[in-house]
Amino acid sequence: MQVLDAEARIFLFHNFLTDAECDHIIGLAKPKMERSGVVDTKTGNSDISDIRTSSGTFLERGQDDVVAGIEERIARWTLLPVGNGEGLQVLRYTKGQEYQAHWDYFFDEKNTANGGNRYATVLMYLNDVEEGGETAGGDNGPEFSDCARKHLAAKPKKGAAVLFHSIKTTGELEKRSLHTACPVIKGYKWSAPKWIHVGHYAVGNEQPVAVKQHIQKAGGPTGPCEDKDTNCDAWAAAGECEKNPVFMVGNRAVPGSCVKACGMHASCTDGTAQPAANGNDQPAANGSSGLNSKDARTDVAAPAAAPAAASSGRDSSFERKLRRAKRAARSELSVSKGEWRKWGYASAPGLLETAHLTDGLERVDGSTLTLEQFVQRYEAPRRPVMLTGLCGGWRAAQEWTPDRLLERLGDCKFKVGSDDDGYAVRLKLKHFMAYCSHPEHAPADDSPLYVFAHLDREREEGKALLRDYEVPTLFAEDLMRLAGERRRPPYRWFVCGPARSGTNMHVDPLATSAWNALLRGHKRWVLFPPGTPNALIKPKGVE
C-alpha cells in the first residue's frame, strides 16, 4: 500500500482486486449503464450536467458472492462496517469524458437523512487506461496527463484502489478530498466507487436512521469575488447558475465569470474553496401506450462562450434537451440540416391508410380460452393470434392516458433510444409528451422518437406502472424465473409513441417469445413466418 497524503488520509492499494473480479463487475454493470448525474448542493436532487460526462449504474449491496467478498475486503481495509456502504457504483468513461472537481461530501440535508454524510470513498479501477483518466487531487512526472501533472494523482491501473476520507476526525469537511476524474485521452476507463457513510446506510426494506451532523454550506471557488461580466445578474435571474455552472460558477481551479451573481461570494472572505457543484450521483428514479412483456427569459445578449439565456422561441432548455436526445439516439441524422424529415413521410398522402391492406390474423376472445386450448391451437403450432377481452380489468386501461401519466410520472425519465455505444438515451416524460404534441417536432419527423422502457421495480416509474396490470393466465408460465431475478434479462416493457414511430425489422433477442397488449391508439405488426428469406425481409439498398 502506498501513502499519497498521510495528513489527509489518502492511500493507494495496488492489486486490491483480481483481474477476474474487475471483469465480473464490468459484466454485471454493462447492460444497465446510463448517463451519470450530479447532485445539486442546495436541493439534493440529481440531474445531468456537463460537469460529469460518464455513464454509470449501481449494483446492489451484496449483489452476489463476488461483490459481497469485495465489500468485506473494503470493510477490513477502512475499519468501517459493510452496512455503512452504498451499493457499488460502476462508471465508464470514453475518450474526452471526465468528472470535474468535486467532493463526495454532501452539502444538503436530503442526502444525509440515510446514514448521515459520506465519510470515506474507496475508488477501484477496473481496467488499464492507455492515457489520461487519472484521479487528480504535488507535481507529477510526464507520464501523467496535463490535468493531473500539478496535483496529487493516481493513475488508473486495473485492480488498484484509492481510499480517501471526506470528513476529518474532527467532523469537518476534509477539503483535500476534492478530486477530479481527468479526461480520458486514449482508450476508455472503467471504475467503481464505494461510498461509505458515517452510520448505517439503509437499503431495500431497511429503515433509514438519521445521523445528526452539522451540514456545512457549499461556498464559492477561490479567486476574485466579483462578477466578470455586466450581464451576470440577468443570466443568474434566467437560471443559468444551475444550467451552466461551468461558465457561471466554475470550480476550485478555474473560478467562473459570475460567482457573485450566483450567490457564491460569501465564503470568499475567508478563502474557502469549494467547487461549483457536488458531483454525487445517487440511485434515483430515471426515466417517461402500450405494454410489451418479454422558464425565465431575458433580453440580454450573451457572449459566445456564455450561456445563451435569451430565447425568442420556445423554452430553450427543452429544445437543448431534445436536440441532445436526437443526436445521441440517431447520430446518422443531422438535426440542424433537417434530416429528421428529409423523406417527407409526415405529409405523404395515404402513408398510414390501411384500407388496401389485408389483415388475415385470427382474432379470439382470450377470456373464453383455457390454457390447454391456447397451447394446442396456437402455441404448439406457432400460430400468431390476436386475443381480445384480457385487458378490460386492468388499472392501466384508465391510468395510461397522457394526462394521468403526466400527472403521475411527468418528471421521470424514460428511454427513447440508444447511443452509438449502446447506452440509454432518456427524456423526462413531460418533455417527451411536449415533443409528441408540438407541430414542429414529432408530427413533422419521418420516424419520431418513442418510449421503449424496461419496467424495473427499483425505479419509480417501473414500480408505478407494474401495479397497473397483471399477467394474463394464458401467459403465466415464466421460465425466466428459473434464472433468478439477478440473472434474468429485462423482460417487461412500456411502449409509447406518436404516429410513424416504431422499430425496424428484427428478431426478438435471446430467442424469446413475447406477448404484447395494446391499451390505446393503434399499433401495427408485420409478421414473417420462420424460414422467410432475408432478401425478402430486408432487401439491400431499400430505405
# chains A, B, ... in the order shown; residues from 1 in each chain; ligands from 1
call {"tool": "residues_around", "arguments": {"residues": "Ala29 of chain A", "least_positions_apart": "5", "cutoff": "10 Å", "atoms": "only C-alpha atoms", "output": "VMD selection string"}}
result
chain A and resid 24 56 to 59 88 to 92
call {"tool": "closest_atom_pairs", "arguments": {"of": "segment 318-350 of chain A", "to": "segment 490-509 of chain A", "cutoff": "12 Å", "atoms": "only C-alpha atoms", "output": "Markdown table"}}
result
| residue | atom | partner | partner_atom | distance |
| --- | --- | --- | --- | --- |
| A:Arg341 | CA | A:Arg500 | CA | 11.7 |
| A:Gly344 | CA | A:Arg500 | CA | 11.6 |
| A:Tyr345 | CA | A:Arg500 | CA | 8.3 |
| A:Ala346 | CA | A:Arg500 | CA | 8.1 |
| A:Ser347 | CA | A:Arg500 | CA | 11.5 |
| A:Ala348 | CA | A:Arg500 | CA | 11.4 |
call {"tool": "write_last_selection", "arguments": {"atoms": "N, CA, C and O atoms", "output": "PDB file, in the first residue's frame"}}
result
ATOM      1  N   ARG A 341     -36.578  14.861 -41.205  1.00  0.00           N
ATOM      2  CA  ARG A 341     -37.816  14.923 -42.002  1.00  0.00           C
ATOM      3  C   ARG A 341     -37.532  14.987 -43.496  1.00  0.00           C
ATOM      4  O   ARG A 341     -38.338  15.485 -44.270  1.00  0.00           O
ATOM      5  N   GLY A 344     -40.149  13.392 -45.929  1.00  0.00           N
ATOM      6  CA  GLY A 344     -41.497  13.969 -46.003  1.00  0.00           C
ATOM      7  C   GLY A 344     -42.607  12.998 -45.697  1.00  0.00           C
ATOM      8  O   GLY A 344     -43.734  13.145 -46.184  1.00  0.00           O
ATOM      9  N   TYR A 345     -42.330  11.976 -44.876  1.00  0.00           N
ATOM     10  CA  TYR A 345     -43.367  10.988 -44.570  1.00  0.00           C
ATOM     11  C   TYR A 345     -44.566  11.608 -43.862  1.00  0.00           C
ATOM     12  O   TYR A 345     -45.696  11.129 -44.001  1.00  0.00           O
ATOM     13  N   ALA A 346     -44.349  12.675 -43.089  1.00  0.00           N
ATOM     14  CA  ALA A 346     -45.452  13.280 -42.342  1.00  0.00           C
ATOM     15  C   ALA A 346     -46.535  13.827 -43.259  1.00  0.00           C
ATOM     16  O   ALA A 346     -47.712  13.868 -42.892  1.00  0.00           O
ATOM     17  N   SER A 347     -46.151  14.270 -44.441  1.00  0.00           N
ATOM     18  CA  SER A 347     -47.118  14.846 -45.381  1.00  0.00           C
ATOM     19  C   SER A 347     -47.423  13.917 -46.549  1.00  0.00           C
ATOM     20  O   SER A 347     -48.124  14.305 -47.478  1.00  0.00           O
ATOM     21  N   ALA A 348     -46.896  12.690 -46.514  1.00  0.00           N
ATOM     22  CA  ALA A 348     -47.129  11.753 -47.618  1.00  0.00           C
ATOM     23  C   ALA A 348     -48.570  11.254 -47.572  1.00  0.00           C
ATOM     24  O   ALA A 348     -48.997  10.656 -46.577  1.00  0.00           O
TER      25      ALA A 348
END
call {"tool": "closest_residue", "arguments": {"among": "A:Gln207, A:Asp468, A:Asn111, A:Ala237", "to": "Gly263 of chain A", "atoms": "only C-alpha atoms"}}
result
A:Ala237
call {"tool": "closest_residue", "arguments": {"among": "A:Lys95, A:Lys158, A:His438, A:Lys342", "to": "Pro183 of chain A", "atoms": "only C-alpha atoms"}}
result
A:Lys95
call {"tool": "closest_residue", "arguments": {"among": "A:Asn127, A:Cys262, A:Thr180, A:Gly115", "to": "Ile196 of chain A", "atoms": "only C-alpha atoms"}}
result
A:Gly115
call {"tool": "closest_residue", "arguments": {"among": "A:Val66, A:Ala161, A:Val375, A:Cys232", "to": "Phe16 of chain A", "atoms": "only C-alpha atoms"}}
result
A:Ala161
call {"tool": "atom_distance", "arguments": {"atom1": "atom CA of Tyr378 of chain A", "atom2": "atom CA of Gly521 of chain A"}}
result
25.8 Å
call {"tool": "select_by_dssp", "arguments": {"residues": "segment 372-485 of chain A", "states": "strand (DSSP E or B)", "output": "list in words"}}
result
Met386, Leu387, Thr388, Lys413, Phe414, Lys415, Val416, Gly417, Ser418, Ala424, Val425, Arg426, Leu427, Lys428, Val451, Phe452, Ala453 and His454 of chain A
call {"tool": "write_last_selection", "arguments": {"atoms": "N, CA, C and O atoms", "output": "PDB file, in the first residue's frame"}}
result
ATOM      1  N   MET A 386     -54.521 -12.777 -32.408  1.00  0.00           N
ATOM      2  CA  MET A 386     -54.870 -11.549 -31.698  1.00  0.00           C
ATOM      3  C   MET A 386     -55.938 -11.892 -30.675  1.00  0.00           C
ATOM      4  O   MET A 386     -57.047 -12.311 -31.031  1.00  0.00           O
ATOM      5  N   LEU A 387     -55.589 -11.731 -29.390  1.00  0.00           N
ATOM      6  CA  LEU A 387     -56.505 -12.053 -28.308  1.00  0.00           C
ATOM      7  C   LEU A 387     -57.191 -10.790 -27.807  1.00  0.00           C
ATOM      8  O   LEU A 387     -56.540  -9.767 -27.598  1.00  0.00           O
ATOM      9  N   THR A 388     -58.477 -10.848 -27.604  1.00  0.00           N
ATOM     10  CA  THR A 388     -59.238  -9.724 -27.070  1.00  0.00           C
ATOM     11  C   THR A 388     -59.796 -10.107 -25.701  1.00  0.00           C
ATOM     12  O   THR A 388     -59.742 -11.262 -25.287  1.00  0.00           O
ATOM     13  N   LYS A 413     -37.705   9.949 -16.012  1.00  0.00           N
ATOM     14  CA  LYS A 413     -37.044   9.822 -17.310  1.00  0.00           C
ATOM     15  C   LYS A 413     -37.269   8.437 -17.904  1.00  0.00           C
ATOM     16  O   LYS A 413     -37.170   7.433 -17.198  1.00  0.00           O
ATOM     17  N   PHE A 414     -37.569   8.418 -19.200  1.00  0.00           N
ATOM     18  CA  PHE A 414     -37.820   7.170 -19.907  1.00  0.00           C
ATOM     19  C   PHE A 414     -36.859   7.038 -21.093  1.00  0.00           C
ATOM     20  O   PHE A 414     -36.482   8.022 -21.721  1.00  0.00           O
ATOM     21  N   LYS A 415     -36.498   5.830 -21.400  1.00  0.00           N
ATOM     22  CA  LYS A 415     -35.607   5.569 -22.519  1.00  0.00           C
ATOM     23  C   LYS A 415     -36.321   5.830 -23.836  1.00  0.00           C
ATOM     24  O   LYS A 415     -37.396   5.296 -24.094  1.00  0.00           O
ATOM     25  N   VAL A 416     -35.693   6.645 -24.702  1.00  0.00           N
ATOM     26  CA  VAL A 416     -36.255   6.946 -26.028  1.00  0.00           C
ATOM     27  C   VAL A 416     -35.310   6.513 -27.140  1.00  0.00           C
ATOM     28  O   VAL A 416     -35.527   6.849 -28.296  1.00  0.00           O
ATOM     29  N   GLY A 417     -34.271   5.779 -26.794  1.00  0.00           N
ATOM     30  CA  GLY A 417     -33.330   5.307 -27.798  1.00  0.00           C
ATOM     31  C   GLY A 417     -32.021   4.906 -27.141  1.00  0.00           C
ATOM     32  O   GLY A 417     -31.889   4.919 -25.906  1.00  0.00           O
ATOM     33  N   SER A 418     -31.046   4.529 -27.970  1.00  0.00           N
ATOM     34  CA  SER A 418     -29.709   4.165 -27.501  1.00  0.00           C
ATOM     35  C   SER A 418     -28.676   4.919 -28.313  1.00  0.00           C
ATOM     36  O   SER A 418     -28.878   5.172 -29.502  1.00  0.00           O
ATOM     37  N   ALA A 424     -28.412   3.992 -22.829  1.00  0.00           N
ATOM     38  CA  ALA A 424     -29.765   4.536 -22.945  1.00  0.00           C
ATOM     39  C   ALA A 424     -29.755   6.045 -23.122  1.00  0.00           C
ATOM     40  O   ALA A 424     -28.993   6.754 -22.473  1.00  0.00           O
ATOM     41  N   VAL A 425     -30.623   6.525 -23.999  1.00  0.00           N
ATOM     42  CA  VAL A 425     -30.897   7.960 -24.165  1.00  0.00           C
ATOM     43  C   VAL A 425     -32.266   8.206 -23.541  1.00  0.00           C
ATOM     44  O   VAL A 425     -33.238   7.539 -23.894  1.00  0.00           O
ATOM     45  N   ARG A 426     -32.341   9.138 -22.601  1.00  0.00           N
ATOM     46  CA  ARG A 426     -33.580   9.327 -21.850  1.00  0.00           C
ATOM     47  C   ARG A 426     -34.094  10.756 -21.927  1.00  0.00           C
ATOM     48  O   ARG A 426     -33.320  11.700 -22.062  1.00  0.00           O
ATOM     49  N   LEU A 427     -35.405  10.888 -21.812  1.00  0.00           N
ATOM     50  CA  LEU A 427     -36.086  12.168 -21.700  1.00  0.00           C
ATOM     51  C   LEU A 427     -37.112  12.073 -20.583  1.00  0.00           C
ATOM     52  O   LEU A 427     -37.692  11.007 -20.354  1.00  0.00           O
ATOM     53  N   LYS A 428     -37.327  13.187 -19.879  1.00  0.00           N
ATOM     54  CA  LYS A 428     -38.437  13.209 -18.934  1.00  0.00           C
ATOM     55  C   LYS A 428     -39.745  13.053 -19.707  1.00  0.00           C
ATOM     56  O   LYS A 428     -39.880  13.529 -20.833  1.00  0.00           O
ATOM     57  N   VAL A 451     -40.934   5.988 -26.715  1.00  0.00           N
ATOM     58  CA  VAL A 451     -40.518   5.397 -25.442  1.00  0.00           C
ATOM     59  C   VAL A 451     -40.550   3.882 -25.549  1.00  0.00           C
ATOM     60  O   VAL A 451     -41.544   3.295 -25.993  1.00  0.00           O
ATOM     61  N   PHE A 452     -39.445   3.260 -25.166  1.00  0.00           N
ATOM     62  CA  PHE A 452     -39.386   1.796 -25.039  1.00  0.00           C
ATOM     63  C   PHE A 452     -38.602   1.529 -23.770  1.00  0.00           C
ATOM     64  O   PHE A 452     -37.375   1.427 -23.791  1.00  0.00           O
ATOM     65  N   ALA A 453     -39.297   1.468 -22.646  1.00  0.00           N
ATOM     66  CA  ALA A 453     -38.649   1.498 -21.334  1.00  0.00           C
ATOM     67  C   ALA A 453     -38.826   0.184 -20.595  1.00  0.00           C
ATOM     68  O   ALA A 453     -39.939  -0.360 -20.499  1.00  0.00           O
ATOM     69  N   HIS A 454     -37.728  -0.318 -20.059  1.00  0.00           N
ATOM     70  CA  HIS A 454     -37.758  -1.506 -19.218  1.00  0.00           C
ATOM     71  C   HIS A 454     -38.442  -1.175 -17.904  1.00  0.00           C
ATOM     72  O   HIS A 454     -38.094  -0.192 -17.242  1.00  0.00           O
TER      73      HIS A 454
END
call {"tool": "closest_residue", "arguments": {"among": "A:Cys241, A:Ala476, A:Val211, A:Leu12", "to": "Asn114 of chain A", "atoms": "only C-alpha atoms"}}
result
A:Val211
call {"tool": "atom_distance", "arguments": {"atom1": "atom CA of Arg524 of chain A", "atom2": "atom CA of Lys538 of chain A"}}
result
17.6 Å
call {"tool": "residues_around", "arguments": {"residues": "Ala181 of chain A", "least_positions_apart": "4", "cutoff": "8 Å", "atoms": "only C-alpha atoms", "output": "list in words"}}
result
Glu98, Tyr99, Gln100, Ala101, Gly133, Glu134, Thr135 and Ala136 of chain A
call {"tool": "write_last_selection", "arguments": {"atoms": "all heavy atoms", "output": "compact mmCIF listing (two decimals), in the first residue's frame"}}
result
# COMPACT_ATOMS: atom_id res chain seq x y z
N GLU A 98 -15.11 13.10 -18.59
CA GLU A 98 -14.45 13.50 -17.36
C GLU A 98 -15.47 13.74 -16.26
O GLU A 98 -16.68 13.69 -16.48
CB GLU A 98 -13.66 14.80 -17.59
CG GLU A 98 -14.57 15.98 -17.94
CD GLU A 98 -13.82 17.28 -18.15
OE1 GLU A 98 -12.72 17.43 -17.62
OE2 GLU A 98 -14.37 18.17 -18.85
N TYR A 99 -14.96 14.01 -15.07
CA TYR A 99 -15.78 14.45 -13.94
C TYR A 99 -14.98 15.55 -13.26
O TYR A 99 -13.96 15.30 -12.62
CB TYR A 99 -16.03 13.28 -12.99
CG TYR A 99 -17.09 13.52 -11.95
CD1 TYR A 99 -17.48 12.49 -11.10
CD2 TYR A 99 -17.73 14.76 -11.80
CE1 TYR A 99 -18.45 12.67 -10.13
CE2 TYR A 99 -18.68 14.95 -10.86
CZ TYR A 99 -19.04 13.89 -10.01
OH TYR A 99 -20.02 14.08 -9.05
N GLN A 100 -15.44 16.78 -13.40
CA GLN A 100 -14.69 17.93 -12.90
C GLN A 100 -14.64 17.94 -11.38
O GLN A 100 -15.29 17.15 -10.70
CB GLN A 100 -15.30 19.22 -13.45
CG GLN A 100 -15.22 19.32 -14.97
CD GLN A 100 -15.88 20.58 -15.50
OE1 GLN A 100 -16.18 21.51 -14.77
NE2 GLN A 100 -16.13 20.59 -16.81
N ALA A 101 -13.83 18.87 -10.83
CA ALA A 101 -13.53 18.89 -9.38
C ALA A 101 -14.80 18.85 -8.53
O ALA A 101 -15.74 19.60 -8.75
CB ALA A 101 -12.72 20.14 -9.06
N GLY A 133 -7.36 9.89 -17.75
CA GLY A 133 -8.27 9.20 -16.84
C GLY A 133 -7.80 9.12 -15.40
O GLY A 133 -8.38 8.39 -14.60
N GLU A 134 -6.75 9.89 -15.03
CA GLU A 134 -6.27 9.84 -13.66
C GLU A 134 -7.30 10.43 -12.69
O GLU A 134 -8.16 11.22 -13.07
CB GLU A 134 -4.95 10.64 -13.50
CG GLU A 134 -3.84 10.17 -14.41
CD GLU A 134 -3.75 10.98 -15.69
OE1 GLU A 134 -4.74 11.68 -16.03
OE2 GLU A 134 -2.71 10.90 -16.36
N THR A 135 -7.16 10.03 -11.43
CA THR A 135 -7.89 10.68 -10.36
C THR A 135 -6.93 11.69 -9.74
O THR A 135 -5.93 11.31 -9.13
CB THR A 135 -8.36 9.69 -9.30
OG1 THR A 135 -9.17 8.69 -9.94
CG2 THR A 135 -9.19 10.39 -8.22
N ALA A 136 -7.19 12.99 -9.91
CA ALA A 136 -6.26 14.05 -9.52
C ALA A 136 -6.79 14.80 -8.31
O ALA A 136 -7.93 15.22 -8.26
CB ALA A 136 -6.05 15.03 -10.67
call {"tool": "closest_residue", "arguments": {"among": "A:Ile167, A:Ala210, A:Val122, A:Val82", "to": "Lys194 of chain A", "atoms": "only C-alpha atoms"}}
result
A:Val122
call {"tool": "atom_distance", "arguments": {"atom1": "atom CA of Ser54 of chain A", "atom2": "atom CA of Asp419 of chain A"}}
result
13.2 Å
call {"tool": "select_by_dssp", "arguments": {"residues": "segment 47-92 of chain A", "states": "alpha helix (DSSP H)", "output": "list in words"}}
result
Asp65, Val66, Val67, Ala68, Gly69, Ile70, Glu71, Glu72, Arg73, Ile74, Ala75, Arg76, Trp77 and Thr78 of chain A
call {"tool": "write_last_selection", "arguments": {"atoms": "N, CA and C atoms", "output": "PDB file, in the first residue's frame"}}
result
ATOM      1  N   ASP A  65     -21.912 -13.295  -4.620  1.00  0.00           N
ATOM      2  CA  ASP A  65     -20.804 -13.685  -3.743  1.00  0.00           C
ATOM      3  C   ASP A  65     -19.539 -12.879  -4.030  1.00  0.00           C
ATOM      4  N   VAL A  66     -19.289 -12.579  -5.305  1.00  0.00           N
ATOM      5  CA  VAL A  66     -18.093 -11.826  -5.666  1.00  0.00           C
ATOM      6  C   VAL A  66     -18.165 -10.407  -5.105  1.00  0.00           C
ATOM      7  N   VAL A  67     -19.299  -9.753  -5.317  1.00  0.00           N
ATOM      8  CA  VAL A  67     -19.481  -8.384  -4.821  1.00  0.00           C
ATOM      9  C   VAL A  67     -19.419  -8.359  -3.296  1.00  0.00           C
ATOM     10  N   ALA A  68     -20.068  -9.323  -2.661  1.00  0.00           N
ATOM     11  CA  ALA A  68     -20.061  -9.385  -1.198  1.00  0.00           C
ATOM     12  C   ALA A  68     -18.640  -9.559  -0.663  1.00  0.00           C
ATOM     13  N   GLY A  69     -17.848 -10.370  -1.345  1.00  0.00           N
ATOM     14  CA  GLY A  69     -16.464 -10.570  -0.921  1.00  0.00           C
ATOM     15  C   GLY A  69     -15.647  -9.298  -1.022  1.00  0.00           C
ATOM     16  N   ILE A  70     -15.852  -8.536  -2.086  1.00  0.00           N
ATOM     17  CA  ILE A  70     -15.153  -7.259  -2.258  1.00  0.00           C
ATOM     18  C   ILE A  70     -15.556  -6.281  -1.159  1.00  0.00           C
ATOM     19  N   GLU A  71     -16.846  -6.250  -0.835  1.00  0.00           N
ATOM     20  CA  GLU A  71     -17.333  -5.334   0.196  1.00  0.00           C
ATOM     21  C   GLU A  71     -16.775  -5.712   1.576  1.00  0.00           C
ATOM     22  N   GLU A  72     -16.607  -6.997   1.851  1.00  0.00           N
ATOM     23  CA  GLU A  72     -15.988  -7.417   3.117  1.00  0.00           C
ATOM     24  C   GLU A  72     -14.532  -6.965   3.156  1.00  0.00           C
ATOM     25  N   ARG A  73     -13.832  -7.048   2.046  1.00  0.00           N
ATOM     26  CA  ARG A  73     -12.434  -6.616   1.970  1.00  0.00           C
ATOM     27  C   ARG A  73     -12.319  -5.113   2.202  1.00  0.00           C
ATOM     28  N   ILE A  74     -13.249  -4.345   1.629  1.00  0.00           N
ATOM     29  CA  ILE A  74     -13.273  -2.900   1.838  1.00  0.00           C
ATOM     30  C   ILE A  74     -13.489  -2.580   3.315  1.00  0.00           C
ATOM     31  N   ALA A  75     -14.389  -3.334   3.956  1.00  0.00           N
ATOM     32  CA  ALA A  75     -14.675  -3.110   5.379  1.00  0.00           C
ATOM     33  C   ALA A  75     -13.435  -3.354   6.238  1.00  0.00           C
ATOM     34  N   ARG A  76     -12.674  -4.388   5.902  1.00  0.00           N
ATOM     35  CA  ARG A  76     -11.461  -4.678   6.671  1.00  0.00           C
ATOM     36  C   ARG A  76     -10.406  -3.590   6.469  1.00  0.00           C
ATOM     37  N   TRP A  77     -10.301  -3.049   5.271  1.00  0.00           N
ATOM     38  CA  TRP A  77      -9.314  -2.007   4.982  1.00  0.00           C
ATOM     39  C   TRP A  77      -9.673  -0.686   5.671  1.00  0.00           C
ATOM     40  N   THR A  78     -10.933  -0.305   5.562  1.00  0.00           N
ATOM     41  CA  THR A  78     -11.369   1.001   6.062  1.00  0.00           C
ATOM     42  C   THR A  78     -11.741   0.980   7.549  1.00  0.00           C
TER      43      THR A  78
END
call {"tool": "residues_around", "arguments": {"residues": "Leu123 of chain A", "least_positions_apart": "3", "cutoff": "9 Å", "atoms": "only C-alpha atoms", "output": "MDAnalysis selection string"}}
result
chainID A and resid 160:164 191:195
call {"tool": "decode", "arguments": {"residues": "segment 449-457 of chain A", "atoms": "all heavy atoms", "output": "PDB file, in the first residue's frame"}}
result
ATOM      1  N   LEU A 449     -39.011   9.795 -32.325  1.00  0.00           N
ATOM      2  CA  LEU A 449     -38.599   9.098 -31.119  1.00  0.00           C
ATOM      3  C   LEU A 449     -39.815   8.461 -30.453  1.00  0.00           C
ATOM      4  O   LEU A 449     -40.940   8.963 -30.576  1.00  0.00           O
ATOM      5  CB  LEU A 449     -37.953  10.071 -30.126  1.00  0.00           C
ATOM      6  CG  LEU A 449     -36.641  10.748 -30.515  1.00  0.00           C
ATOM      7  CD1 LEU A 449     -36.316  11.846 -29.507  1.00  0.00           C
ATOM      8  CD2 LEU A 449     -35.503   9.751 -30.613  1.00  0.00           C
ATOM      9  N   TYR A 450     -39.582   7.365 -29.759  1.00  0.00           N
ATOM     10  CA  TYR A 450     -40.667   6.766 -28.982  1.00  0.00           C
ATOM     11  C   TYR A 450     -40.097   6.124 -27.726  1.00  0.00           C
ATOM     12  O   TYR A 450     -38.910   5.789 -27.656  1.00  0.00           O
ATOM     13  CB  TYR A 450     -41.446   5.736 -29.806  1.00  0.00           C
ATOM     14  CG  TYR A 450     -40.660   4.508 -30.213  1.00  0.00           C
ATOM     15  CD1 TYR A 450     -40.793   3.308 -29.517  1.00  0.00           C
ATOM     16  CD2 TYR A 450     -39.799   4.542 -31.303  1.00  0.00           C
ATOM     17  CE1 TYR A 450     -40.085   2.179 -29.890  1.00  0.00           C
ATOM     18  CE2 TYR A 450     -39.090   3.415 -31.697  1.00  0.00           C
ATOM     19  CZ  TYR A 450     -39.234   2.234 -30.982  1.00  0.00           C
ATOM     20  OH  TYR A 450     -38.519   1.117 -31.358  1.00  0.00           O
ATOM     21  N   VAL A 451     -40.934   5.988 -26.715  1.00  0.00           N
ATOM     22  CA  VAL A 451     -40.518   5.397 -25.442  1.00  0.00           C
ATOM     23  C   VAL A 451     -40.550   3.882 -25.549  1.00  0.00           C
ATOM     24  O   VAL A 451     -41.544   3.295 -25.993  1.00  0.00           O
ATOM     25  CB  VAL A 451     -41.443   5.856 -24.292  1.00  0.00           C
ATOM     26  CG1 VAL A 451     -41.204   5.021 -23.035  1.00  0.00           C
ATOM     27  CG2 VAL A 451     -41.229   7.331 -23.995  1.00  0.00           C
ATOM     28  N   PHE A 452     -39.445   3.260 -25.166  1.00  0.00           N
ATOM     29  CA  PHE A 452     -39.386   1.796 -25.039  1.00  0.00           C
ATOM     30  C   PHE A 452     -38.602   1.529 -23.770  1.00  0.00           C
ATOM     31  O   PHE A 452     -37.375   1.427 -23.791  1.00  0.00           O
ATOM     32  CB  PHE A 452     -38.708   1.175 -26.258  1.00  0.00           C
ATOM     33  CG  PHE A 452     -38.976  -0.301 -26.416  1.00  0.00           C
ATOM     34  CD1 PHE A 452     -39.896  -0.763 -27.338  1.00  0.00           C
ATOM     35  CD2 PHE A 452     -38.310  -1.227 -25.627  1.00  0.00           C
ATOM     36  CE1 PHE A 452     -40.144  -2.129 -27.480  1.00  0.00           C
ATOM     37  CE2 PHE A 452     -38.556  -2.589 -25.760  1.00  0.00           C
ATOM     38  CZ  PHE A 452     -39.475  -3.044 -26.695  1.00  0.00           C
ATOM     39  N   ALA A 453     -39.297   1.468 -22.646  1.00  0.00           N
ATOM     40  CA  ALA A 453     -38.649   1.498 -21.334  1.00  0.00           C
ATOM     41  C   ALA A 453     -38.826   0.184 -20.595  1.00  0.00           C
ATOM     42  O   ALA A 453     -39.939  -0.360 -20.499  1.00  0.00           O
ATOM     43  CB  ALA A 453     -39.232   2.640 -20.494  1.00  0.00           C
ATOM     44  N   HIS A 454     -37.728  -0.318 -20.059  1.00  0.00           N
ATOM     45  CA  HIS A 454     -37.758  -1.506 -19.218  1.00  0.00           C
ATOM     46  C   HIS A 454     -38.442  -1.175 -17.904  1.00  0.00           C
ATOM     47  O   HIS A 454     -38.094  -0.192 -17.242  1.00  0.00           O
ATOM     48  CB  HIS A 454     -36.319  -1.985 -18.974  1.00  0.00           C
ATOM     49  CG  HIS A 454     -36.198  -3.057 -17.936  1.00  0.00           C
ATOM     50  ND1 HIS A 454     -35.189  -3.075 -16.984  1.00  0.00           N
ATOM     51  CD2 HIS A 454     -36.961  -4.142 -17.686  1.00  0.00           C
ATOM     52  CE1 HIS A 454     -35.346  -4.123 -16.203  1.00  0.00           C
ATOM     53  NE2 HIS A 454     -36.406  -4.788 -16.604  1.00  0.00           N
ATOM     54  N   LEU A 455     -39.414  -1.977 -17.492  1.00  0.00           N
ATOM     55  CA  LEU A 455     -40.120  -1.753 -16.237  1.00  0.00           C
ATOM     56  C   LEU A 455     -39.345  -2.427 -15.113  1.00  0.00           C
ATOM     57  O   LEU A 455     -39.429  -3.640 -14.908  1.00  0.00           O
ATOM     58  CB  LEU A 455     -41.549  -2.305 -16.317  1.00  0.00           C
ATOM     59  CG  LEU A 455     -42.453  -1.612 -17.340  1.00  0.00           C
ATOM     60  CD1 LEU A 455     -43.852  -2.206 -17.305  1.00  0.00           C
ATOM     61  CD2 LEU A 455     -42.512  -0.114 -17.075  1.00  0.00           C
ATOM     62  N   ASP A 456     -38.592  -1.618 -14.389  1.00  0.00           N
ATOM     63  CA  ASP A 456     -37.730  -2.086 -13.311  1.00  0.00           C
ATOM     64  C   ASP A 456     -38.340  -1.690 -11.983  1.00  0.00           C
ATOM     65  O   ASP A 456     -38.625  -0.517 -11.739  1.00  0.00           O
ATOM     66  CB  ASP A 456     -36.343  -1.449 -13.482  1.00  0.00           C
ATOM     67  CG  ASP A 456     -35.317  -1.980 -12.498  1.00  0.00           C
ATOM     68  OD1 ASP A 456     -35.727  -2.594 -11.492  1.00  0.00           O
ATOM     69  OD2 ASP A 456     -34.124  -1.757 -12.721  1.00  0.00           O
ATOM     70  N   ARG A 457     -38.549  -2.651 -11.084  1.00  0.00           N
ATOM     71  CA  ARG A 457     -39.169  -2.364  -9.783  1.00  0.00           C
ATOM     72  C   ARG A 457     -38.331  -1.413  -8.930  1.00  0.00           C
ATOM     73  O   ARG A 457     -38.835  -0.808  -7.987  1.00  0.00           O
ATOM     74  CB  ARG A 457     -39.387  -3.656  -9.001  1.00  0.00           C
ATOM     75  CG  ARG A 457     -40.484  -4.542  -9.565  1.00  0.00           C
ATOM     76  CD  ARG A 457     -40.832  -5.665  -8.604  1.00  0.00           C
ATOM     77  NE  ARG A 457     -41.816  -6.560  -9.175  1.00  0.00           N
ATOM     78  CZ  ARG A 457     -43.127  -6.341  -9.130  1.00  0.00           C
ATOM     79  NH1 ARG A 457     -43.581  -5.253  -8.541  1.00  0.00           N
ATOM     80  NH2 ARG A 457     -43.965  -7.198  -9.671  1.00  0.00           N
TER      81      ARG A 457
END
